[in-house]
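J.: One structure, pasted below without further comment.
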Number of protein chains: 2
Amino acid sequence: MSQAGGDTGLERPSRPTIRDVAARAGVSKSLVSLALQNAPRVAPETRELILAAAEEIGYRRNAAAHALVARRTRTIGVFVLDLHNPMTADVLDAVQAEARRRDYRTIVVVGGEDAAAERAELEKLLEFRVEGILAVGHRLPHGAEEAVSADCPAVVLGSAPRGVPHLGSISNDDVLGAGLAVDHLVGLGHRRIVHIDGGASAVADDRRRGYLEAMRRHGLGDLAAVVPGSFSDEGGYRGARAALGADVPPTALFVVNDLAAMGALAAVADAGLAVPGDVSVVGYDGTALAGMRPIGLTTVGQPLAELGMRAAAHLCGLLDGEAPAEAHALLRPALVERRTTAPPVGA
Amino acid sequence: MSQAGGDTGLERPSRPTIRDVAARAGVSKSLVSLALQNAPRVAPETRELILAAAEEIGYRRNAAAHALVARRTRTIGVFVLDLHNPMTADVLDAVQAEARRRDYRTIVVVGGEDAAAERAELEKLLEFRVEGILAVGHRLPHGAEEAVSADCPAVVLGSAPRGVPHLGSISNDDVLGAGLAVDHLVGLGHRRIVHIDGGASAVADDRRRGYLEAMRRHGLGDLAAVVPGSFSDEGGYRGARAALGADVPPTALFVVNDLAAMGALAAVADAGLAVPGDVSVVGYDGTALAGMRPIGLTTVGQPLAELGMRAAAHLCGLLDGEAPAEAHALLRPALVERRTTAPPVGA
DNA sequence: GATGTCTGCTGGAACGGTCCAGCAATGTTC
DNA sequence: GAACATTGCTGGACCGTTCCAGCAGACATC
């Protein structure tokens, strides 16, 4: 009963403050503050004394108090649409590295489930006074349009509406990338190339457009065919089944992303056909998944690390008042040739 | 020139505060504070008035000021070791959902690169006054041992040292899981089962031990063989090559995780052998990767969502002063049978 | 020796909230 | 109708920092 430590959950241990350091070092709290900031007007021996005192009592600056008086947080909010997309990890790594390099903190929130939860997360971000928003995943969080302003600019990693003030974007050129896929297949001798698309989204639109334009460019406009799919494994499977069930089946499939291409690969196998012997398959995104040895998917690779780095650099640069670079940057994708594409039979 | 908005980057627009709301509603700032907190003693019509005023001027609470006076942040720091591991996304989703449910915020940092950067990130987390640390990835961040205390408990998702106060862990039972893999293969008729391990880590140790114990239990102790590998694609490939090159090659491979199993699958193919015709392969983790249609890897599935949920629940519960559940919980994995295992030839 | 300029330090006012004590009205009780 | 509660509101202290004005004392300048 006289046992110590039987805490009631009501005690306030309270971490040491700048005043505790001051008391221990026998100086004023102002001087402690100056010493900790490496201010010039502090005598070297006093500084040592203060630093030692801080160390001894385990002092650590309170970020909330600091943010309050500094009136800024040096923090950007990173909104991630889908953590499961293999692209996200690469992009996020680069974003965090670049933010750290520029001495910005990141706070990551995950959206995608439902609009209400997304709004709530965004609200928390704004209460935190994040200085900018970086959206990874082709769109802003729900309700973010009205939050984007001079004191909270945003950058979308993917296509974003042009002309909106304080809203930038970095994306790869999806139209061009889709063209690369078609060029590659046509170069191998394919003519009946079907595109399995990603439904209604800006990215899917661009890739579809790039496919159609390239087919026309190669004089294959009449053979162009788009089958509805989605960005998922499942969508690719369904799309490929539909495509392969046509009267005159295609010899090649260009699928909207790598994940969906997995599904397409499975559908080709289920149809008793071989890849790339009977059917060639090209994905999009250049994810680690595509590079996995038993898969070896030919894909259109996006410069993910550069995308992330550029997006973070753009946003942090804006916040640091650097010369405002072009608001909408487009990076060039490149074809990554692996083992799911080959000349068509009889070519 | 007389154009407005030519900002110099020096102006202070400064978001509206509680005082601005008070001025607009014609009440005191105290009352605004009470109204925004849904305090009881506020007249309904006044509350409406205040809420309307806040809405009109776009007031948003300042989290830093709130944290300062509340002396707590309701935030936990989530330390992620490897964003690229497909397990991470599942776990993180569950962690975030559970934290949100309990009205805690999460702030995610990524470690793994180098110890110094990890320490710096941890320092930022502590300056933020996170109330607890949740480590996703089998270990605490570097330098976290001394930070773990009554006012900053930690939970490791994976095995953690026992007996350290304020340090808990949630993990799946790797020894049992490895046993399940062996049981499955032995049940199919395999006897020469080789384990491709994960090198020197607590998880690798447990899985290796589980494998060895199970082999002995089945009376196959003499046939047990462990080949060095790693948790990566590459490590699995190397390990499998070595295993298949033996004088009497195995009929089944139990690989330390799904990613390494990908490499093993490739090595089997490169050796001109068929899966599961000639060689059966079992992975570990139950990742989405394993479930992908063209792969269909048999694996030991961890209850990832439950793992994440339990970890977050444990930590938040601790912070809310709930009855301290057992510090180290062990969850049961389950075998997920797919298409990479079959009876050995001639069985 | 009056004036001025450094150097090294200190007190106190912010920052934007919360919350406690207090204070008029109004209502209730005996 | 005095005593006491209750309701609805307000002023001010405080949370842990930063930073500005100010102030001794040392030193240089005329």
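By convention in this document, the chains of the structure tokens carry letters A, B, ... by their order, each chain's residues are numbered from 1, and ligands are numbered from 1 in the order they are shown.
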Do you know which residues are at most 12 Å from DC23 of chain D counting only C-alpha atoms (C1' of nucleotides), after dropping those on the same chain fewer than 4 positions away, and could you put them as a VMD selection string?
T.: chain C and resid 7 to 11
J.: Counting only C-alpha atoms (C1' of nucleotides), which residues of chain C come no farther than 8 Å from chain B, as a ChimeraX atom specification?
T.: /C:16-18
J.: Using the selection just defined, write its residues with C-alpha atoms (C1' of nucleotides) as a PDB file, in the first residue's frame.
T.:
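part.pdb was written with the following content:
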ATOM      1  C1'  DG C  16      -3.520  30.810 -29.637  1.00  0.00           C
ATOM      2  C1'  DG C  17      -5.704  28.243 -27.135  1.00  0.00           C
ATOM      3  C1'  DT C  18      -8.098  26.174 -22.168  1.00  0.00           C
TER       4       DT C  18
END
J.: Taking the DSSP secondary structure from the backbone, can you list the residues of segment 72-281 of chain A that are strand (DSSP E or B), as a count of residues only?
T.: 42
J.: When you draw a straight line from atom CA of Gly301 of chain A to atom CA of Pro141 of chain A, how long is it in Å?
T.: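 Atom CA of Gly301 of chain A sits 25.6 Å away from atom CA of Pro141 of chain A.
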J.: Please report as a tab-separated table every residue of chain B lying within 7 Å of chain A, along with the nearest atom pair and their distance in Å (one decimal), using only C-alpha atoms.
T.:
residue	atom	partner	partner_atom	distance
B:Gly9	CA	A:Gly321	CA	6.6
B:Arg60	CA	A:Glu127	CA	6.1
B:Arg61	CA	A:Glu127	CA	5.6
B:Asn62	CA	A:Glu127	CA	5.2
B:Ala63	CA	A:Phe128	CA	5.0
B:Ala64	CA	A:Ala64	CA	4.5
B:Ala65	CA	A:Leu68	CA	6.1
B:Ala67	CA	A:Ala64	CA	6.5
B:Leu68	CA	A:Ala64	CA	6.0
B:Leu83	CA	A:Ala89	CA	5.4
B:His84	CA	A:Ala89	CA	5.6
B:Ala89	CA	A:Leu83	CA	5.4
B:Ile107	CA	A:Ile107	CA	5.8
B:Val108	CA	A:Val108	CA	6.1
B:Glu127	CA	A:Ala63	CA	5.2
B:Phe128	CA	A:Ala63	CA	5.1
B:Met262	CA	A:Pro294	CA	6.4
B:Gly263	CA	A:Arg293	CA	6.3
B:Leu265	CA	A:Pro294	CA	6.3
B:Ala266	CA	A:Pro294	CA	4.9
B:Met292	CA	A:Met262	CA	6.9
B:Arg293	CA	A:Ala266	CA	5.5
B:Pro294	CA	A:Ala266	CA	4.9
B:Gly321	CA	A:Gly9	CA	6.5
J.: Please find the residues of chain D near chain B - the criterion being any atom within 12 Å, counting only C-alpha atoms (C1' of nucleotides) - and write them as a list in words.
T.: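 Output check: DT6, DT7, DG8, DC9, DT10, DG11, DG12, DA13, DC14, DC15, DG16 and DT17 of chain D.
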J.: Run DSSP on the backbone and tell me which residues of segment 125-237 of chain A come out as helix (DSSP H, G or I); list them as an MDAnalysis selection string.
T.: chainID A and resid 125:127 174:188 202:217 233:237
J.: Restricting it to C-alpha atoms, dump the selection as a CSV table (one decimal), in the first residue's frame.
T.:
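selection33.csv, freshly written:
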chain,number,residue,atom,x,y,z
A,125,LEU,CA,-3.7,18.4,-41.3
A,126,LEU,CA,-4.9,21.9,-41.5
A,127,GLU,CA,-5.3,22.2,-37.8
A,174,ASP,CA,1.0,9.2,-69.9
A,175,VAL,CA,0.1,9.9,-73.5
A,176,LEU,CA,3.7,9.5,-74.5
A,177,GLY,CA,4.1,6.4,-72.3
A,178,ALA,CA,1.2,4.7,-73.9
A,179,GLY,CA,2.6,5.5,-77.3
A,180,LEU,CA,5.9,3.9,-76.3
A,181,ALA,CA,4.1,0.7,-75.4
A,182,VAL,CA,2.3,0.7,-78.8
A,183,ASP,CA,5.5,1.6,-80.7
A,184,HIS,CA,7.3,-1.4,-79.0
A,185,LEU,CA,4.5,-3.8,-79.9
A,186,VAL,CA,4.2,-2.6,-83.5
A,187,GLY,CA,8.0,-2.8,-83.8
A,188,LEU,CA,7.8,-6.4,-82.9
A,202,ALA,CA,-7.6,11.4,-65.7
A,203,VAL,CA,-4.8,8.9,-65.9
A,204,ALA,CA,-6.8,6.2,-67.6
A,205,ASP,CA,-8.0,8.9,-70.1
A,206,ASP,CA,-4.4,9.9,-70.9
A,207,ARG,CA,-3.2,6.4,-71.4
A,208,ARG,CA,-6.2,5.5,-73.5
A,209,ARG,CA,-5.7,8.6,-75.6
A,210,GLY,CA,-2.0,7.8,-76.0
A,211,TYR,CA,-2.9,4.3,-77.2
A,212,LEU,CA,-5.4,5.5,-79.7
A,213,GLU,CA,-3.2,8.3,-81.1
A,214,ALA,CA,-0.3,5.8,-81.5
A,215,MET,CA,-2.4,3.2,-83.2
A,216,ARG,CA,-3.6,5.9,-85.7
A,217,ARG,CA,0.0,7.1,-86.2
A,233,ASP,CA,-5.7,-7.3,-60.6
A,234,GLU,CA,-9.4,-8.2,-61.0
A,235,GLY,CA,-10.1,-5.5,-63.6
A,236,GLY,CA,-7.2,-6.7,-65.7
A,237,TYR,CA,-8.4,-10.3,-65.5
J.: Figure out the distance between atom CA of Asn257 of chain A and atom CA of Asp197 of chain A, please, to one decimal in Å.
T.: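 Interatomic distance, atom CA of Asp197 of chain A to atom CA of Asn257 of chain A: 8.6 Å.
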J.: Would you mind reading off the distance between atom CA of Pro228 of chain A and atom CA of Val248 of chain A, one decimal, in Å?
T.: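 These two atoms are separated by 17.6 Å.
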